Number of protein chains: 2
Amino acid sequence: MYEQSGATGETIGLLVEAAPGPGILHQLTGVIARHSGDINLVEILENRPSQSRIYFELDLPSSRVVETAKELGLVPAVRRVEVVQTFQRIYGKRIIIMGGGAQVGQVALGAISEADRHNIRGEHISVDTIPLVGEQTLADAVRAVTRLPRARALILAGALMGGEIEKAVREVRDQGLLVISLNMAGSVPDAADLVVTDPVQAGVMAVMAVAETAKFDLERLKRRSY
Amino acid sequence: MYEQSGATGETIGLLVEAAPGPGILHQLTGVIARHSGDINLVEILENRPSQSRIYFELDLPSSRVVETAKELGLVPAVRRVEVVQTFQRIYGKRIIIMGGGAQVGQVALGAISEADRHNIRGEHISVDTIPLVGEQTLADAVRAVTRLPRARALILAGALMGGEIEKAVREVRDQGLLVISLNMAGSVPDAADLVVTDPVQAGVMAVMAVAETAKFDLERLKRRSY
C-alpha cells in the first residue's frame, strides 16, 4: 500500500471525508504539520453542502503514519480517513499536447503507443491533450502547464504559432519544462528545445525523453530539428 | 482576470511563493479561512529545499479579494502572491482514456477531434490518456479517477477487461462518473453506462456527453450499446 520515497520516511496517500465548511483544510493541515508531515499534493475532490472529500500525499516519518491518520480522524468535522495508493504511483509523469485537433491527435497516437511500451516495463507515463485555438488562449494554457502536477514535457502541435505563445514557451522552459514543437510557421519552433516534423515521431520522442526506461538524452542530440 | 462563479463572489486563482517547510499550507489556509474563502483547488507546484510554490482556487466575496491577497503576503514565509487565471477556465472538463496503447490511441483521436469542434465554440474539454496493462493496475487507476480534479468521463479501451476492473467501474459510477467501454471480452462492458464498438466513435460520444455545446443526452439514448 505504501510507496517508499527514502530511507527515513514514506510517501502516503490519505483520503479524508469531512463535514463541509471553510476552515477544514486549515484544521487538517495543522494536524499534519504537528506530525512533521511534508505535504506534496492536495486534491479537493468534493466541496459540497453535504460533504467535503480531500486527498493528501505527504512524506511522513514511518513511525508517524498510524498516529497521524488516527489524529486526523479525531478532528470533529472528520467522518473517515483512509490510506490509499499515491497518484505518482498510478499516473506518474505527464506529457501535455496542445494545439489544433488534427495534429494533436497524431502526436497523441505516437505518444500513447510509445508510453504503452515503457509502462509495460514499469514506467508510469500518461499523455494529456487539449485542443485549443487562439494566440492568447494557447499562451495562457502553455503558462498554466507549470502549475499542473507531474507535467514533464509539452508538445505544441499546430501549423502556425508565434507571438505571445513564443513568449510563454520561453517562460516555461526557464522553469525547467521540456518543450517540443512541430515544424510549423511562426516563431514557436525557434523557442522550443526540439523541433520535429512528423507528429507521430514528436509524440514518441517526448515519451523517450522523459522515460527512465529509454536511452534518449536530449542533451546529447547532435541536431535540434528533425 | 477573474471568473464569475455566482452573484455574491468570484472564483480566483492565487499563486503563492514561499519559503519551504512544514506548516506553510496550514498558515496560508488559516488566512483564507479568516476571510471566509472557500478553497476548491490546491496545487503544490514546488516543494523544494529552496522554495515552495502553492496555487489555490477559491470562492471569495468580491470585497475580500484584495485584502486576502495582501494578508497572505504578510505571512512571514511568503515571498510573492499573484492573482492568476483559474484552471477551470483554461483546461476545463477532463475525459480520461485508459487501457491498451493501440486502442487508447484510436479513442483519443476521436475524442480530441470532437473536443476541438466544441472548444472552438467556447467549451473547455481536455482529453487525458494512460496506457496501462494488468487487472490490478487498471482497477487502481479506475478508482483513482474519482480523485482527479475536473474528470467527467472515463473510457475503457481494451480487448479484455473484467474482474477487479469491473468492480472498480461500478464503484466510480456510483460516485457519479460516466463510464464508456469499448465492446470487448470480459465483464466490463456489462458494468459501463455505454458500450461502443468503434473506438473513434467512443471518443466522440464521450466528448458529446460532457459538452454543453452538444445535443446529446445519455439518458435519452434508446440503446446502451453501439
# chains A, B, ... in the order shown; residues from 1 in each chain; ligands from 1
$ interface_residues --of "chain B" --to "chain A" --cutoff "7 Å" --atoms "only C-alpha atoms" --output "ChimeraX atom specification"
/B:22-23,25-26,29-30,33,36-38,40-45,47,90,101-102,105,108-109,112-113,115-116,119-120,125-133,141,147,149
$ residues_around --residues "Gly186 of chain A" --least-positions-apart "5" --cutoff "9 Å" --atoms "only C-alpha atoms" --output "JSON, numbers by chain"
{"A": [159, 160, 161, 162, 163, 166]}
$ select_by_dssp --residues "segment 52-100 of chain B" --states "helix (DSSP H, G or I)" --output "list in words"
Ser62, Ser63, Arg64, Val65, Val66, Glu67, Thr68, Ala69, Lys70, Glu71, Leu72, Gly73, Phe87, Gln88, Arg89 and Ile90 of chain B
$ select_by_dssp --residues "segment 24-188 of chain B" --states "strand (DSSP E)" --output "PDB file with N, CA and C atoms, in the first residue's frame"
ATOM      1  N   ASP B  38     -13.551  29.929   0.314  1.00  0.00           N
ATOM      2  CA  ASP B  38     -13.890  28.513   0.189  1.00  0.00           C
ATOM      3  C   ASP B  38     -12.966  27.927  -0.880  1.00  0.00           C
ATOM      4  N   ILE B  39     -12.015  27.097  -0.436  1.00  0.00           N
ATOM      5  CA  ILE B  39     -10.973  26.609  -1.344  1.00  0.00           C
ATOM      6  C   ILE B  39     -11.481  25.436  -2.167  1.00  0.00           C
ATOM      7  N   ASN B  40     -11.405  25.550  -3.506  1.00  0.00           N
ATOM      8  CA  ASN B  40     -11.839  24.478  -4.401  1.00  0.00           C
ATOM      9  C   ASN B  40     -10.678  23.643  -4.921  1.00  0.00           C
ATOM     10  N   LEU B  41      -9.509  24.245  -4.949  1.00  0.00           N
ATOM     11  CA  LEU B  41      -8.366  23.566  -5.556  1.00  0.00           C
ATOM     12  C   LEU B  41      -7.090  24.047  -4.889  1.00  0.00           C
ATOM     13  N   VAL B  42      -6.202  23.099  -4.612  1.00  0.00           N
ATOM     14  CA  VAL B  42      -4.861  23.428  -4.121  1.00  0.00           C
ATOM     15  C   VAL B  42      -3.875  22.639  -4.956  1.00  0.00           C
ATOM     16  N   GLU B  43      -2.879  23.286  -5.520  1.00  0.00           N
ATOM     17  CA  GLU B  43      -1.809  22.556  -6.197  1.00  0.00           C
ATOM     18  C   GLU B  43      -0.482  22.964  -5.571  1.00  0.00           C
ATOM     19  N   ILE B  44       0.243  21.973  -5.088  1.00  0.00           N
ATOM     20  CA  ILE B  44       1.588  22.263  -4.588  1.00  0.00           C
ATOM     21  C   ILE B  44       2.537  22.080  -5.768  1.00  0.00           C
ATOM     22  N   LEU B  45       2.994  23.200  -6.317  1.00  0.00           N
ATOM     23  CA  LEU B  45       3.720  23.161  -7.581  1.00  0.00           C
ATOM     24  C   LEU B  45       5.185  22.863  -7.374  1.00  0.00           C
ATOM     25  N   GLU B  46       5.673  23.293  -6.245  1.00  0.00           N
ATOM     26  CA  GLU B  46       7.086  23.122  -5.980  1.00  0.00           C
ATOM     27  C   GLU B  46       7.194  22.936  -4.474  1.00  0.00           C
ATOM     28  N   ASN B  47       8.033  21.986  -4.070  1.00  0.00           N
ATOM     29  CA  ASN B  47       8.201  21.743  -2.639  1.00  0.00           C
ATOM     30  C   ASN B  47       9.649  21.326  -2.467  1.00  0.00           C
ATOM     31  N   SER B  52       8.949  26.879  -1.898  1.00  0.00           N
ATOM     32  CA  SER B  52       7.704  26.191  -2.233  1.00  0.00           C
ATOM     33  C   SER B  52       6.804  27.146  -2.997  1.00  0.00           C
ATOM     34  N   ARG B  53       6.047  26.594  -3.963  1.00  0.00           N
ATOM     35  CA  ARG B  53       5.066  27.378  -4.717  1.00  0.00           C
ATOM     36  C   ARG B  53       3.736  26.659  -4.607  1.00  0.00           C
ATOM     37  N   ILE B  54       2.709  27.378  -4.211  1.00  0.00           N
ATOM     38  CA  ILE B  54       1.396  26.772  -3.998  1.00  0.00           C
ATOM     39  C   ILE B  54       0.357  27.577  -4.761  1.00  0.00           C
ATOM     40  N   TYR B  55      -0.547  26.875  -5.436  1.00  0.00           N
ATOM     41  CA  TYR B  55      -1.597  27.518  -6.211  1.00  0.00           C
ATOM     42  C   TYR B  55      -2.954  27.166  -5.614  1.00  0.00           C
ATOM     43  N   PHE B  56      -3.775  28.180  -5.350  1.00  0.00           N
ATOM     44  CA  PHE B  56      -5.126  27.975  -4.818  1.00  0.00           C
ATOM     45  C   PHE B  56      -6.167  28.479  -5.812  1.00  0.00           C
ATOM     46  N   GLU B  57      -7.305  27.792  -5.890  1.00  0.00           N
ATOM     47  CA  GLU B  57      -8.501  28.385  -6.481  1.00  0.00           C
ATOM     48  C   GLU B  57      -9.545  28.438  -5.395  1.00  0.00           C
ATOM     49  N   LEU B  58     -10.139  29.618  -5.186  1.00  0.00           N
ATOM     50  CA  LEU B  58     -11.096  29.748  -4.094  1.00  0.00           C
ATOM     51  C   LEU B  58     -12.223  30.695  -4.447  1.00  0.00           C
ATOM     52  N   ASP B  59     -13.383  30.432  -3.829  1.00  0.00           N
ATOM     53  CA  ASP B  59     -14.511  31.353  -3.924  1.00  0.00           C
ATOM     54  C   ASP B  59     -14.380  32.334  -2.772  1.00  0.00           C
ATOM     55  N   LEU B  60     -14.519  33.596  -3.121  1.00  0.00           N
ATOM     56  CA  LEU B  60     -14.271  34.632  -2.133  1.00  0.00           C
ATOM     57  C   LEU B  60     -15.266  35.755  -2.384  1.00  0.00           C
ATOM     58  N   PRO B  61     -15.831  36.330  -1.300  1.00  0.00           N
ATOM     59  CA  PRO B  61     -16.653  37.517  -1.524  1.00  0.00           C
ATOM     60  C   PRO B  61     -15.815  38.563  -2.264  1.00  0.00           C
ATOM     61  N   VAL B  78       6.051  34.029   3.272  1.00  0.00           N
ATOM     62  CA  VAL B  78       5.605  34.289   1.899  1.00  0.00           C
ATOM     63  C   VAL B  78       6.473  35.329   1.204  1.00  0.00           C
ATOM     64  N   ARG B  79       6.870  35.000  -0.035  1.00  0.00           N
ATOM     65  CA  ARG B  79       7.727  35.907  -0.806  1.00  0.00           C
ATOM     66  C   ARG B  79       6.960  36.661  -1.884  1.00  0.00           C
ATOM     67  N   ARG B  80       5.861  36.063  -2.368  1.00  0.00           N
ATOM     68  CA  ARG B  80       5.156  36.663  -3.501  1.00  0.00           C
ATOM     69  C   ARG B  80       3.757  36.075  -3.602  1.00  0.00           C
ATOM     70  N   VAL B  81       2.765  36.928  -3.915  1.00  0.00           N
ATOM     71  CA  VAL B  81       1.391  36.474  -4.147  1.00  0.00           C
ATOM     72  C   VAL B  81       0.931  37.064  -5.470  1.00  0.00           C
ATOM     73  N   GLU B  82       0.350  36.221  -6.327  1.00  0.00           N
ATOM     74  CA  GLU B  82      -0.089  36.696  -7.640  1.00  0.00           C
ATOM     75  C   GLU B  82      -1.494  36.164  -7.917  1.00  0.00           C
ATOM     76  N   VAL B  83      -2.374  37.013  -8.456  1.00  0.00           N
ATOM     77  CA  VAL B  83      -3.707  36.568  -8.868  1.00  0.00           C
ATOM     78  C   VAL B  83      -3.620  36.128 -10.327  1.00  0.00           C
ATOM     79  N   VAL B  84      -4.049  34.874 -10.617  1.00  0.00           N
ATOM     80  CA  VAL B  84      -3.906  34.328 -11.973  1.00  0.00           C
ATOM     81  C   VAL B  84      -5.228  33.714 -12.447  1.00  0.00           C
ATOM     82  N   LYS B  93     -13.178  20.653 -18.443  1.00  0.00           N
ATOM     83  CA  LYS B  93     -13.549  19.274 -18.117  1.00  0.00           C
ATOM     84  C   LYS B  93     -12.543  18.283 -18.690  1.00  0.00           C
ATOM     85  N   ARG B  94     -12.355  17.195 -17.981  1.00  0.00           N
ATOM     86  CA  ARG B  94     -11.412  16.186 -18.479  1.00  0.00           C
ATOM     87  C   ARG B  94     -12.111  14.880 -18.824  1.00  0.00           C
ATOM     88  N   ILE B  95     -11.703  14.313 -19.972  1.00  0.00           N
ATOM     89  CA  ILE B  95     -12.109  12.962 -20.354  1.00  0.00           C
ATOM     90  C   ILE B  95     -10.876  12.087 -20.178  1.00  0.00           C
ATOM     91  N   ILE B  96     -11.018  10.952 -19.496  1.00  0.00           N
ATOM     92  CA  ILE B  96      -9.865  10.089 -19.229  1.00  0.00           C
ATOM     93  C   ILE B  96     -10.022   8.795 -20.013  1.00  0.00           C
ATOM     94  N   ILE B  97      -8.977   8.433 -20.760  1.00  0.00           N
ATOM     95  CA  ILE B  97      -8.998   7.194 -21.541  1.00  0.00           C
ATOM     96  C   ILE B  97      -7.908   6.273 -21.024  1.00  0.00           C
ATOM     97  N   MET B  98      -8.258   5.032 -20.681  1.00  0.00           N
ATOM     98  CA  MET B  98      -7.191   4.133 -20.246  1.00  0.00           C
ATOM     99  C   MET B  98      -7.359   2.729 -20.824  1.00  0.00           C
ATOM    100  N   GLY B  99      -6.225   2.033 -20.917  1.00  0.00           N
ATOM    101  CA  GLY B  99      -6.249   0.675 -21.459  1.00  0.00           C
ATOM    102  C   GLY B  99      -5.008   0.418 -22.298  1.00  0.00           C
ATOM    103  N   ILE B 125     -12.675  21.422 -23.029  1.00  0.00           N
ATOM    104  CA  ILE B 125     -12.602  19.984 -22.757  1.00  0.00           C
ATOM    105  C   ILE B 125     -11.200  19.505 -23.091  1.00  0.00           C
ATOM    106  N   SER B 126     -10.556  18.828 -22.150  1.00  0.00           N
ATOM    107  CA  SER B 126      -9.254  18.243 -22.441  1.00  0.00           C
ATOM    108  C   SER B 126      -9.364  16.726 -22.352  1.00  0.00           C
ATOM    109  N   VAL B 127      -8.466  16.040 -23.045  1.00  0.00           N
ATOM    110  CA  VAL B 127      -8.532  14.585 -23.188  1.00  0.00           C
ATOM    111  C   VAL B 127      -7.243  13.996 -22.631  1.00  0.00           C
ATOM    112  N   ASP B 128      -7.359  13.188 -21.579  1.00  0.00           N
ATOM    113  CA  ASP B 128      -6.177  12.647 -20.917  1.00  0.00           C
ATOM    114  C   ASP B 128      -6.156  11.132 -21.050  1.00  0.00           C
ATOM    115  N   THR B 129      -4.982  10.578 -21.254  1.00  0.00           N
ATOM    116  CA  THR B 129      -4.900   9.137 -21.501  1.00  0.00           C
ATOM    117  C   THR B 129      -3.815   8.505 -20.658  1.00  0.00           C
ATOM    118  N   ILE B 130      -4.001   7.231 -20.357  1.00  0.00           N
ATOM    119  CA  ILE B 130      -2.903   6.482 -19.781  1.00  0.00           C
ATOM    120  C   ILE B 130      -2.949   5.048 -20.281  1.00  0.00           C
ATOM    121  N   PRO B 131      -1.884   4.662 -21.022  1.00  0.00           N
ATOM    122  CA  PRO B 131      -1.797   3.285 -21.489  1.00  0.00           C
ATOM    123  C   PRO B 131      -1.273   2.398 -20.357  1.00  0.00           C
ATOM    124  N   ALA B 151     -12.449  15.559 -13.656  1.00  0.00           N
ATOM    125  CA  ALA B 151     -12.711  14.392 -14.512  1.00  0.00           C
ATOM    126  C   ALA B 151     -14.210  14.159 -14.621  1.00  0.00           C
ATOM    127  N   ARG B 152     -14.726  14.064 -15.874  1.00  0.00           N
ATOM    128  CA  ARG B 152     -16.161  13.902 -16.086  1.00  0.00           C
ATOM    129  C   ARG B 152     -16.533  12.547 -16.668  1.00  0.00           C
ATOM    130  N   ALA B 153     -15.663  11.990 -17.507  1.00  0.00           N
ATOM    131  CA  ALA B 153     -15.999  10.715 -18.149  1.00  0.00           C
ATOM    132  C   ALA B 153     -14.740   9.865 -18.261  1.00  0.00           C
ATOM    133  N   LEU B 154     -14.931   8.554 -18.180  1.00  0.00           N
ATOM    134  CA  LEU B 154     -13.830   7.600 -18.303  1.00  0.00           C
ATOM    135  C   LEU B 154     -14.154   6.648 -19.449  1.00  0.00           C
ATOM    136  N   ILE B 155     -13.181   6.424 -20.331  1.00  0.00           N
ATOM    137  CA  ILE B 155     -13.366   5.447 -21.401  1.00  0.00           C
ATOM    138  C   ILE B 155     -12.373   4.312 -21.215  1.00  0.00           C
ATOM    139  N   LEU B 156     -12.884   3.084 -21.190  1.00  0.00           N
ATOM    140  CA  LEU B 156     -12.016   1.924 -21.060  1.00  0.00           C
ATOM    141  C   LEU B 156     -11.807   1.319 -22.432  1.00  0.00           C
ATOM    142  N   ALA B 157     -10.543   1.332 -22.880  1.00  0.00           N
ATOM    143  CA  ALA B 157     -10.211   0.930 -24.238  1.00  0.00           C
ATOM    144  C   ALA B 157      -9.292  -0.276 -24.190  1.00  0.00           C
ATOM    145  N   LEU B 178     -19.243   9.155 -15.432  1.00  0.00           N
ATOM    146  CA  LEU B 178     -19.749   8.490 -16.631  1.00  0.00           C
ATOM    147  C   LEU B 178     -18.678   7.528 -17.151  1.00  0.00           C
ATOM    148  N   VAL B 179     -19.047   6.258 -17.386  1.00  0.00           N
ATOM    149  CA  VAL B 179     -18.070   5.277 -17.871  1.00  0.00           C
ATOM    150  C   VAL B 179     -18.532   4.688 -19.203  1.00  0.00           C
ATOM    151  N   ILE B 180     -17.672   4.809 -20.221  1.00  0.00           N
ATOM    152  CA  ILE B 180     -17.920   4.221 -21.536  1.00  0.00           C
ATOM    153  C   ILE B 180     -16.904   3.104 -21.754  1.00  0.00           C
ATOM    154  N   SER B 181     -17.374   1.972 -22.244  1.00  0.00           N
ATOM    155  CA  SER B 181     -16.466   0.849 -22.504  1.00  0.00           C
ATOM    156  C   SER B 181     -16.492   0.523 -23.985  1.00  0.00           C
ATOM    157  N   LEU B 182     -15.331   0.176 -24.540  1.00  0.00           N
ATOM    158  CA  LEU B 182     -15.365  -0.427 -25.866  1.00  0.00           C
ATOM    159  C   LEU B 182     -16.072  -1.778 -25.751  1.00  0.00           C
TER     160      LEU B 182
END
$ decode --residues "segment 158-177 of chain B" --atoms "N, CA and C atoms" --output "short mmCIF file (atom, residue, chain, number, x, y, z; two decimals), in the first residue's frame"
data_model
loop_
_atom_site.label_atom_id
_atom_site.label_comp_id
_atom_site.auth_asym_id
_atom_site.auth_seq_id
_atom_site.Cartn_x
_atom_site.Cartn_y
_atom_site.Cartn_z
N GLY B 158 -9.84 -1.45 -24.47
CA GLY B 158 -9.01 -2.64 -24.46
C GLY B 158 -9.73 -3.77 -25.16
N ALA B 159 -9.17 -4.97 -25.06
CA ALA B 159 -9.78 -6.12 -25.72
C ALA B 159 -10.34 -7.10 -24.70
N LEU B 160 -9.88 -7.00 -23.45
CA LEU B 160 -10.35 -7.90 -22.38
C LEU B 160 -10.18 -7.20 -21.04
N MET B 161 -11.29 -6.94 -20.39
CA MET B 161 -11.23 -6.36 -19.04
C MET B 161 -12.38 -6.93 -18.21
N GLY B 162 -12.07 -7.32 -16.99
CA GLY B 162 -13.13 -7.85 -16.12
C GLY B 162 -12.65 -7.89 -14.68
N GLY B 163 -13.26 -8.75 -13.89
CA GLY B 163 -12.82 -8.97 -12.50
C GLY B 163 -12.79 -7.70 -11.68
N GLU B 164 -11.61 -7.42 -11.16
CA GLU B 164 -11.45 -6.27 -10.26
C GLU B 164 -11.74 -4.95 -10.98
N ILE B 165 -11.47 -4.92 -12.30
CA ILE B 165 -11.74 -3.69 -13.07
C ILE B 165 -13.25 -3.44 -13.12
N GLU B 166 -14.04 -4.52 -13.29
CA GLU B 166 -15.50 -4.38 -13.31
C GLU B 166 -15.98 -3.79 -11.97
N LYS B 167 -15.45 -4.32 -10.87
CA LYS B 167 -15.84 -3.79 -9.54
C LYS B 167 -15.52 -2.30 -9.45
N ALA B 168 -14.32 -1.95 -9.91
CA ALA B 168 -13.90 -0.54 -9.83
C ALA B 168 -14.83 0.34 -10.67
N VAL B 169 -15.25 -0.16 -11.85
CA VAL B 169 -16.16 0.60 -12.71
C VAL B 169 -17.47 0.86 -11.98
N ARG B 170 -18.01 -0.17 -11.33
CA ARG B 170 -19.28 0.02 -10.60
C ARG B 170 -19.11 1.04 -9.47
N GLU B 171 -17.97 1.00 -8.80
CA GLU B 171 -17.73 1.95 -7.70
C GLU B 171 -17.68 3.40 -8.20
N VAL B 172 -16.95 3.63 -9.28
CA VAL B 172 -16.81 5.02 -9.74
C VAL B 172 -18.11 5.53 -10.37
N ARG B 173 -18.90 4.62 -10.98
CA ARG B 173 -20.21 5.04 -11.48
C ARG B 173 -21.11 5.46 -10.32
N ASP B 174 -21.03 4.73 -9.21
CA ASP B 174 -21.82 5.10 -8.02
C ASP B 174 -21.45 6.50 -7.54
N GLN B 175 -20.23 6.89 -7.81
CA GLN B 175 -19.79 8.23 -7.38
C GLN B 175 -20.07 9.29 -8.44
N GLY B 176 -20.80 8.90 -9.51
CA GLY B 176 -21.26 9.91 -10.46
C GLY B 176 -20.43 10.05 -11.72
N LEU B 177 -19.39 9.23 -11.88
CA LEU B 177 -18.57 9.32 -13.09
C LEU B 177 -19.24 8.57 -14.24
#
